[in-house]
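Here's the structure we're looking at; comments come further down.
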Amino acid sequence: MTAHPLVIAVDGPAAAGKGTLAKALAEKLGLPYLDTGLLYRAVARRMVDAGLDPADDASAEARALQQADLVRTDLRFPEIDRGASLVAAQPAVRAALLERQRVFASETGAVVDGRDIGTVVFPDADVKFFITASARTRALRRHHQVHGGTPLDEGELEAAVAEIMARDERDSSRETAPLVQAPDAILIETDMLSAAEVLDKACETVALRCA
């Protein structure tokens, strides 16, 4: 095991399963867990609540972020999905939240998930994963996450896939901290894997890297 606090970075596009893995891995290893995407969702929520366009300068809302903002139950709706992508593209917002993310893991280590964890936030993370799946799979997962077992017809699914792909484009083409797989990250495609199988793969990798 490493002599310093263990930091594991879990990156990937929306609804690929990175949050599910990161939470399970943190529990398995007894480490704190940080969902950095929640920070950007909370900033977007503050902008929307204030009647502001998330595409406008959101750095003041990022600096004013409180713990109470992170435990709200209205952070996973389509308008906040889009808003989070817009505020996350702003360099000033990312700068305002960067140190907060690093401090979180500095003393005890952590499993941290997001889109730039292994490339920007923790480029020296002990283990890095990049979790992905097809746009269709991710659209179905996001719908289930928000709406539970409510049926999704083909037209609605096509619209959901289009939104997922648009989010991917925004996240991967932004100038600051774009979504990209770190060269030393382990790629796990989750389309055909259960959450338990993904966790098993990740645990095997951590055991090998940190032996």
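By order of appearance in the structure tokens: chains A, B, ..., then residues from 1 within every chain, and ligands from 1 in the order shown.
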
Exercise. If you run DSSP on the backbone, which residues of segment 31-98 of chain A are helix (DSSP H, G or I), as an MDAnalysis selection string?
Worked result: chainID A and resid 36:49 59:63 67:70 78:88 91:98

Let's have the selection written as a short mmCIF file (atom, residue, chain, number, x, y, z; two decimals), in the first residue's frame, with C-alpha atoms.
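part13.cif was written with the following content:
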```cif
data_model
loop_
_atom_site.label_atom_id
_atom_site.label_comp_id
_atom_site.auth_asym_id
_atom_site.auth_seq_id
_atom_site.Cartn_x
_atom_site.Cartn_y
_atom_site.Cartn_z
CA THR A 36 -17.21 16.53 -7.95
CA GLY A 37 -20.04 16.65 -10.48
CA LEU A 38 -22.33 17.44 -7.58
CA LEU A 39 -20.39 20.65 -6.98
CA TYR A 40 -21.11 21.87 -10.49
CA ARG A 41 -24.75 20.76 -10.26
CA ALA A 42 -25.10 22.73 -7.06
CA VAL A 43 -23.61 25.83 -8.68
CA ALA A 44 -26.02 25.45 -11.61
CA ARG A 45 -28.93 25.03 -9.18
CA ARG A 46 -27.95 28.25 -7.39
CA MET A 47 -27.83 30.06 -10.74
CA VAL A 48 -31.24 28.77 -11.81
CA ASP A 49 -32.79 29.57 -8.43
CA SER A 59 -17.93 32.16 -10.22
CA ALA A 60 -19.65 34.10 -7.40
CA GLU A 61 -22.10 31.24 -6.88
CA ALA A 62 -19.21 28.76 -6.91
CA ARG A 63 -17.38 30.70 -4.21
CA GLN A 67 -22.67 22.15 2.28
CA ALA A 68 -26.47 22.56 2.28
CA ASP A 69 -26.34 23.12 -1.48
CA LEU A 70 -24.82 19.67 -1.97
CA PRO A 78 -32.42 17.81 -17.22
CA GLU A 79 -32.16 21.58 -16.76
CA ILE A 80 -29.51 21.08 -14.09
CA ASP A 81 -27.69 18.53 -16.28
CA ARG A 82 -27.37 21.21 -18.95
CA GLY A 83 -26.61 23.93 -16.43
CA ALA A 84 -23.85 21.91 -14.78
CA SER A 85 -22.17 21.41 -18.15
CA LEU A 86 -22.35 25.16 -18.82
CA VAL A 87 -20.93 26.29 -15.47
CA ALA A 88 -18.26 23.57 -15.60
CA PRO A 91 -12.42 28.59 -15.97
CA ALA A 92 -13.29 30.86 -13.03
CA VAL A 93 -15.78 28.32 -11.67
CA ARG A 94 -13.33 25.47 -12.00
CA ALA A 95 -10.64 27.52 -10.28
CA ALA A 96 -13.01 28.37 -7.43
CA LEU A 97 -13.77 24.68 -6.83
CA LEU A 98 -10.35 23.15 -7.52
#
```

For this session: Would you mind listing what lies within 12 Å of Thr20 of chain A as an NGL selection string, with only C-alpha atoms counted and same-chain residues fewer than 2 positions away left out?
Result: :A and (10-12 or 14-18 or 22-27 or 33-35 or 111-114 or 131 or 141 or 145 or 190 or 194-199 or 202)

Problem set entry | Which of segment 2-179 of chain A fall in strand (DSSP E or B), as a ChimeraX atom specification | /A:7-11,33-35,110-114,127-132

Exercise. Which residue, A:Pro54, A:Arg72, A:Leu31, A:Ala139, has the smallest gap to Ala166 of chain A when you use only C-alpha atoms?
Worked result: A:Ala139

For this session: Find the distance between atom CA of Val7 of chain A and atom CA of Phe122 of chain A and write it in Å to one decimal.
Result: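 Going from atom CA of Val7 of chain A over to atom CA of Phe122 of chain A, I get 7.9 Å.
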
Exercise. Nearest to Thr73 of chain A among A:Met165, A:Ala135, A:Ala50, A:Val146, with distances taken over only C-alpha atoms: which residue is it?
Worked result: A:Val146

Exercise. Which residue gives the smallest distance to Thr137 of chain A among A:Ala125, A:Ile164, A:Val120, A:Ala159, with only C-alpha atoms counted?
Worked result: A:Ile164

Problem set entry | Atom pair atom CA of Gly51 of chain A / atom CA of Glu163 of chain A: separation (Å) |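 Computed distance, atom CA of Gly51 of chain A to atom CA of Glu163 of chain A, equals 22.8 Å.
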
For this session: Have a look at A:Leu208, A:Leu65, A:Ala185, A:Leu6 and name the one nearest to Pro32 of chain A; count only C-alpha atoms.
Result: A:Leu6

Exercise. Can you list, as an MDAnalysis selection string, every protein, DNA or RNA residue that comes within 9 Å of Asp184 of chain A when you count only C-alpha atoms, leaving out same-chain residues fewer than 5 positions away?
Worked result: chainID A and resid 118 127:129

For this session: Identify which of the residues A:Gln66, A:Thr205, A:Ser134, A:Ser106 lies closest to Val161 of chain A, counting only C-alpha atoms when measuring atom-to-atom distances.
Result: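 That would be A:Ser134, the residue with the smallest distance to Val161 of chain A.
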
Problem set entry | segment 154-157 of chain A surroundings by only C-alpha atoms, 9 Å radius, close-in-sequence under 3 positions cut, as a PyMOL selection string | chain A and resi 136+139-140+143+160-162

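Atom CA of Ala110 of chain A is found 26.9 Å from atom CA of Glu175 of chain A.
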